[in-house]
>>> print(open('model.txt').read())   # compact mmCIF, C-alpha atoms
# COMPACT_ATOMS: atom_id res chain seq x y z
CA MET H 1 86.30 115.08 91.02
CA PHE H 2 88.14 113.82 87.92
CA PRO H 3 87.42 110.90 85.62
CA PRO H 4 89.33 107.96 87.17
CA ALA H 5 91.92 107.71 84.40
CA GLU H 6 92.63 111.45 84.57
CA PHE H 7 92.85 111.26 88.35
CA ALA H 8 95.51 108.54 88.08
CA ARG H 9 97.47 110.59 85.54
CA ASN H 10 97.35 113.61 87.87
CA LEU H 11 98.74 111.54 90.73
CA LEU H 12 101.60 110.26 88.58
CA LYS H 13 102.44 113.78 87.43
CA GLU H 14 102.50 115.14 90.98
CA ALA H 15 104.71 112.26 92.14
CA GLU H 16 107.15 112.93 89.31
CA ASP H 17 107.19 116.66 90.09
CA THR H 18 107.59 116.43 93.88
CA HIS H 19 109.26 113.18 94.92
CA PRO H 20 112.54 113.74 96.84
CA TRP H 21 114.16 110.72 95.17
CA LEU H 22 114.18 112.81 92.00
CA HIS H 23 114.52 116.35 93.33
CA HIS H 24 116.27 116.39 96.71
CA PRO H 25 119.80 117.91 96.69
CA LEU H 26 121.11 114.84 98.54
CA PHE H 27 120.53 112.53 95.59
CA HIS H 28 121.81 115.05 93.08
CA MET H 29 125.04 115.19 95.08
CA ILE H 30 125.29 111.40 94.98
CA TRP H 31 124.62 111.27 91.23
CA LYS H 32 127.30 113.90 90.57
CA GLY H 33 129.87 112.10 92.72
CA GLN H 34 130.09 114.99 95.19
CA LEU H 35 129.93 112.89 98.37
CA SER H 36 132.54 110.65 99.92
CA ARG H 37 132.20 106.90 99.65
CA ASP H 38 131.72 106.73 103.42
CA GLN H 39 128.82 109.21 103.27
CA VAL H 40 127.13 107.21 100.52
CA ARG H 41 127.55 103.87 102.27
CA ASN H 42 126.02 105.29 105.46
CA ILE H 43 123.08 106.75 103.55
CA ILE H 44 122.34 103.48 101.78
CA ARG H 45 122.69 101.49 104.99
CA GLN H 46 119.95 103.67 106.53
CA GLN H 47 117.65 102.79 103.67
CA GLY H 48 117.60 99.23 104.95
CA ALA H 49 114.84 100.42 107.26
CA PHE H 50 112.43 100.11 104.36
CA PHE H 51 114.33 97.85 101.98
CA LEU H 52 114.80 94.79 104.19
CA ASP H 53 111.40 93.75 105.55
CA THR H 54 109.20 92.73 102.65
CA LEU H 55 107.72 89.27 102.77
CA ARG H 56 107.73 86.82 105.68
CA HIS H 57 105.46 83.95 104.99
CA ALA H 58 102.24 84.81 103.19
CA ALA H 59 99.70 87.55 103.85
CA TRP H 60 98.82 87.52 107.58
CA LYS H 61 101.43 84.88 108.34
CA ILE H 62 104.04 87.19 106.89
CA ILE H 63 103.02 89.94 109.27
CA SER H 64 102.68 87.80 112.39
CA ALA H 65 105.98 85.91 112.03
CA GLY H 66 108.67 87.52 114.14
CA GLY H 67 108.97 90.77 116.02
CA VAL H 68 108.86 94.40 114.93
CA MET H 69 112.08 93.90 112.95
CA PRO H 70 113.17 90.59 111.37
CA THR H 71 116.47 88.92 112.31
CA VAL H 72 119.02 87.12 110.19
CA SER H 73 118.23 83.88 112.05
CA SER H 74 114.58 83.87 110.92
CA PRO H 75 113.78 81.09 108.44
CA PRO H 76 114.43 82.03 104.80
CA SER H 77 110.81 81.27 103.96
CA SER H 78 109.57 83.81 106.45
CA THR H 79 112.00 86.70 106.36
CA THR H 80 114.33 88.77 104.26
CA ASN H 81 117.59 90.48 104.98
CA GLY H 82 117.76 94.53 106.69
CA MET H 83 114.69 97.49 107.94
CA SER H 84 113.34 99.19 104.57
CA GLU H 85 114.16 96.35 102.19
CA ARG H 86 113.65 94.03 105.18
CA CYS H 87 110.19 95.49 105.27
CA LEU H 88 109.26 95.15 101.60
CA TRP H 89 107.84 91.61 101.76
CA ARG H 90 105.42 92.46 104.56
CA HIS H 91 104.80 95.84 102.92
CA ALA H 92 103.65 94.12 99.71
CA ALA H 93 101.48 91.61 101.58
CA TRP H 94 99.40 94.38 103.13
CA LYS H 95 98.16 95.25 99.64
CA ILE H 96 96.47 91.85 99.33
CA ILE H 97 95.17 91.80 102.89
CA SER H 98 93.57 95.23 102.50
CA ALA H 99 91.80 94.41 99.22
CA GLY H 100 88.14 93.94 100.06
CA GLY H 101 85.80 94.11 103.02
CA VAL H 102 85.06 91.69 105.86
CA MET H 103 83.81 89.14 103.34
CA PRO H 104 85.30 89.22 99.83
CA THR H 105 83.29 89.84 96.70
CA TRP H 106 84.09 88.43 93.26
CA GLU H 107 85.76 91.75 92.42
CA ASP H 108 87.83 91.57 95.63
CA LEU H 109 89.13 88.14 94.62
CA GLN H 110 90.22 89.46 91.24
CA ARG H 111 91.98 92.43 92.84
CA GLN H 112 93.73 90.17 95.33
CA ARG H 113 94.92 87.87 92.54
CA SER H 114 96.19 90.83 90.51
CA LEU H 115 98.43 91.85 93.43
CA ILE H 116 100.10 88.47 93.90
CA PRO H 117 102.85 89.13 91.31
CA LEU H 118 103.94 92.15 93.34
CA VAL H 119 104.49 89.95 96.39
CA VAL H 120 106.26 87.23 94.40
CA GLU H 121 108.66 89.74 92.88
CA GLU H 122 109.50 91.22 96.27
CA GLY H 123 109.97 87.84 97.92
CA GLY H 124 111.89 86.33 95.03
CA GLU H 125 110.78 84.56 91.88
CA ASP H 126 113.23 81.80 92.80
CA THR H 127 110.64 80.71 95.39
CA VAL H 128 108.26 79.70 92.56
CA GLY H 129 110.74 78.26 90.08
CA GLY H 130 112.09 81.51 88.67
CA MET H 131 115.63 82.83 88.64
CA GLN H 132 115.53 86.21 90.40
CA THR H 133 116.00 86.22 94.17
CA GLY H 134 114.24 88.56 96.60
CA HIS H 135 114.79 92.29 96.42
CA SER H 136 115.81 92.32 100.07
CA ILE H 137 118.56 89.79 99.40
CA LEU H 138 119.84 92.02 96.61
CA PHE H 139 119.88 94.97 99.00
CA VAL H 140 122.03 93.03 101.45
CA ARG H 141 124.46 92.20 98.63
CA LEU H 142 124.63 95.89 97.74
CA CYS H 143 125.45 96.80 101.35
CA GLU H 144 128.13 94.10 101.46
CA ALA H 145 129.69 95.56 98.30
CA LEU H 146 129.84 98.90 100.13
CA GLY H 147 131.82 97.26 102.91
CA TRP H 148 129.15 96.50 105.49
CA THR H 149 129.04 93.07 107.06
CA ARG H 150 125.73 91.25 107.21
CA TYR H 151 125.77 91.69 110.99
CA GLU H 152 126.18 95.46 110.57
CA VAL H 153 123.35 95.62 108.04
CA PHE H 154 120.99 93.88 110.44
CA ASN H 155 122.07 95.93 113.43
CA THR H 156 121.89 99.42 111.99
CA ASP H 157 121.14 102.27 114.36
CA TYR H 158 118.39 103.95 112.39
CA LEU H 159 117.82 107.68 112.56
CA PRO H 160 114.50 108.87 114.04
CA THR H 161 113.59 110.32 110.65
CA THR H 162 114.23 106.95 109.03
CA ILE H 163 111.88 105.29 111.51
CA ILE H 164 109.22 107.94 110.85
CA GLU H 165 109.36 107.15 107.15
CA ARG H 166 109.07 103.41 107.66
CA ASN H 167 106.19 103.69 110.12
CA GLU H 168 104.17 106.04 107.95
CA LEU H 169 104.61 103.87 104.85
CA PHE H 170 103.45 100.77 106.72
CA THR H 171 100.51 102.65 108.21
CA LEU H 172 99.39 103.45 104.67
CA GLN H 173 99.74 99.80 103.67
CA ARG H 174 97.44 98.77 106.51
CA ALA H 175 94.86 101.48 105.88
CA GLY H 176 93.24 100.07 102.74
CA THR H 177 93.79 99.23 99.09
CA ILE H 178 93.62 102.82 97.85
CA GLU H 179 96.04 104.04 100.52
CA ALA H 180 98.38 101.11 99.90
CA LEU H 181 98.54 101.63 96.15
CA CYS H 182 98.72 105.42 96.22
CA GLY H 183 101.19 105.42 99.10
CA GLY H 184 103.45 102.85 97.44
CA ASN H 185 103.05 102.08 93.76
CA ILE H 186 101.92 105.55 92.72
CA ALA H 187 103.98 107.69 95.10
CA THR H 188 107.34 105.97 94.69
CA GLU H 189 107.33 103.02 92.32
CA SER H 190 106.10 105.27 89.52
CA ILE H 191 109.34 107.31 89.66
CA ASN H 192 111.69 104.67 90.98
CA ALA H 193 112.85 103.39 87.59
CA ILE H 194 114.47 106.79 86.99
CA HIS H 195 115.96 107.00 90.46
CA VAL H 196 117.49 103.53 90.59
CA VAL H 197 119.26 103.84 87.23
CA ARG H 198 120.85 107.11 88.36
CA MET H 199 121.89 105.51 91.65
CA ALA H 200 123.41 102.47 89.95
CA GLU H 201 125.36 104.56 87.47
CA ALA H 202 126.63 106.85 90.22
CA LEU H 203 127.74 104.00 92.48
CA GLU H 204 129.62 102.32 89.64
CA ASN H 205 131.16 105.45 88.12
CA HIS H 206 131.91 107.53 91.24
CA TYR H 207 132.05 105.19 94.24
CA GLY H 208 133.76 102.03 93.00
CA VAL H 209 130.85 99.60 93.33
CA PRO H 210 131.03 96.84 90.69
CA LYS H 211 128.06 96.47 88.36
CA SER H 212 127.63 92.87 89.55
CA ALA H 213 126.63 94.22 92.99
CA LEU H 214 124.03 96.63 91.62
CA ASP H 215 121.26 94.18 90.75
CA PHE H 216 119.12 95.69 93.51
CA TYR H 217 118.81 98.81 91.38
CA TYR H 218 118.67 97.24 87.94
CA VAL H 219 115.94 94.77 88.94
CA HIS H 220 113.77 97.63 90.16
CA ALA H 221 114.42 99.52 86.95
CA HIS H 222 112.68 96.69 85.07
CA VAL H 223 109.75 95.87 87.39
CA GLU H 224 108.54 99.25 88.62
CA GLU H 225 106.74 100.20 85.42
CA ASP H 226 104.67 97.01 85.63
CA HIS H 227 103.94 97.63 89.32
CA CYS H 228 102.74 101.12 88.54
CA GLU H 229 100.55 100.00 85.64
CA ARG H 230 98.88 97.39 87.83
CA ALA H 231 98.17 100.04 90.45
CA VAL H 232 96.69 102.42 87.89
CA ARG H 233 94.36 99.72 86.55
CA ILE H 234 93.06 98.96 90.04
CA LEU H 235 92.74 102.63 91.01
CA THR H 236 90.64 103.43 87.96
CA GLU H 237 88.16 100.86 89.27
CA LEU H 238 88.25 102.10 92.88
CA CYS H 239 88.66 105.88 92.67
CA VAL H 240 85.27 106.66 91.15
CA THR H 241 84.00 108.96 93.91
CA GLU H 242 85.24 112.27 95.26
CA SER H 243 85.86 110.68 98.66
CA ALA H 244 87.98 107.88 97.18
CA GLN H 245 90.03 110.35 95.16
CA LYS H 246 90.66 112.52 98.24
CA THR H 247 91.82 109.40 100.09
CA GLY H 248 94.21 108.46 97.29
CA LEU H 249 95.64 111.95 96.91
CA LEU H 250 96.26 112.30 100.64
CA ALA H 251 97.89 108.87 100.81
CA MET H 252 100.30 109.74 98.00
CA ARG H 253 101.19 113.06 99.59
CA LEU H 254 101.71 111.45 103.00
CA ALA H 255 104.06 108.90 101.47
CA ILE H 256 106.06 111.51 99.58
CA THR H 257 106.24 113.67 102.71
CA ALA H 258 107.51 110.69 104.72
CA ARG H 259 110.18 110.06 102.08
CA ARG H 260 111.20 113.72 102.24
CA ILE H 261 111.46 113.66 106.03
CA CYS H 262 113.77 110.67 105.77
CA VAL H 263 115.99 112.25 103.13
CA ASP H 264 116.17 115.50 105.11
CA GLY H 265 117.35 113.45 108.09
CA LEU H 266 120.02 111.73 106.00
CA MET H 267 121.19 115.07 104.70
CA GLU H 268 121.48 116.51 108.19
CA ALA H 269 123.14 113.45 109.75
CA PHE H 270 125.72 112.61 107.10
CA ILE H 271 126.35 115.83 105.20
CA THR H 272 125.39 118.99 107.10
CA ASN H 273 126.60 117.80 110.51
CA GLY H 274 129.61 116.11 108.92
CA GLN H 275 130.70 119.39 107.38
CA LYS H 276 130.34 121.15 110.74
CA ARG H 277 132.73 118.61 112.28
>>> encode(input="model.txt", output="structure tokens")
Amino acid sequence: MFPPAEFARNLLKEAEDTHPWLHHPLFHMIWKGQLSRDQVRNIIRQQGAFFLDTLRHAAWKIISAGGVMPTVSSPPSSTTNGMSERCLWRHAAWKIISAGGVMPTWEDLQRQRSLIPLVVEEGGEDTVGGMQTGHSILFVRLCEALGWTRYEVFNTDYLPTTIIERNELFTLQRAGTIEALCGGNIATESINAIHVVRMAEALENHYGVPKSALDFYYVHAHVEEDHCERAVRILTELCVTESAQKTGLLAMRLAITARRICVDGLMEAFITNGQKR
């Protein structure tokens, strides 16, 4: 067992060293401009499985409104636009729902309140008087800039490996606060600021996407550090036993493994098999 602060630092280091969004050959090919525009637009469209479902109403209402996947006809207050980014609002709400036991303590209330900004940012600060719209909306705009219609974005045929990723990430969100934070904020948001800047620069420089359509990436470049810092503060309060630290480490590794499975599937579907044809 490590002191909580050291444990959190170890998690962040392992995420940086192993996450496929930094190290997988697929993304290095994108960053270097080695793929066709059609390959890139298909890869990004698949990422809608996680980037389109993020906040539906509020906490349990978010989760209970609608079916397994949201539709474009769902009310703006209760849904977002795609399947990954479409899933981000609900994904964020699980963090609040899982904070605490059957009956909340004073500490639970403080943890729940500290997570609210994460949900607001995903759903859109414009819902509370701010300027920035929801991350899922920005993802739809990115897909439209790549030539997909809104109908196509919402009717993507997702790969089995994409579905596996989404399901595992949502399972972690439902499991508990430690699993939710380590499987989301620590595993991916801690490295995402690096990834999204590289993606934005590649899409603009190599694939003809205007910078005005890349807000999905640039917004995440600014908010992920804060998300990660919030998670670390909460984890240092929660991960004070060997059991809790084992839970957090496993959750992070499960999330990174799920991400890798998804990227491997994208590589096979749009690059390896494409070259064979």
>>> closest_residue(input="model.txt", among="H:Leu11, H:Leu146, H:Ala255, H:Ala269", to="H:Leu159", atoms="only C-alpha atoms")
H:Ala269
>>> atom_distance(input="model.txt", atom1="atom CA of H:Trp31", atom2="atom CA of H:Thr149")
24.5 Å
>>> closest_residue(input="model.txt", among="H:Cys143, H:Met252, H:Tyr217, H:Glu14", to="H:Thr156", atoms="all atoms listed in the file")
H:Cys143
>>> atom_distance(input="model.txt", atom1="atom CA of H:Glu268", atom2="atom CA of H:Ile186")
27.2 Å
>>> atom_distance(input="model.txt", atom1="atom CA of H:His135", atom2="atom CA of H:Phe216")
6.2 Å
>>> residues_around(input="model.txt", residues="H:Ala221", least_positions_apart="6", cutoff="7 Å", atoms="only C-alpha atoms", output="PyMOL selection string")
chain H and resi 193+196-197
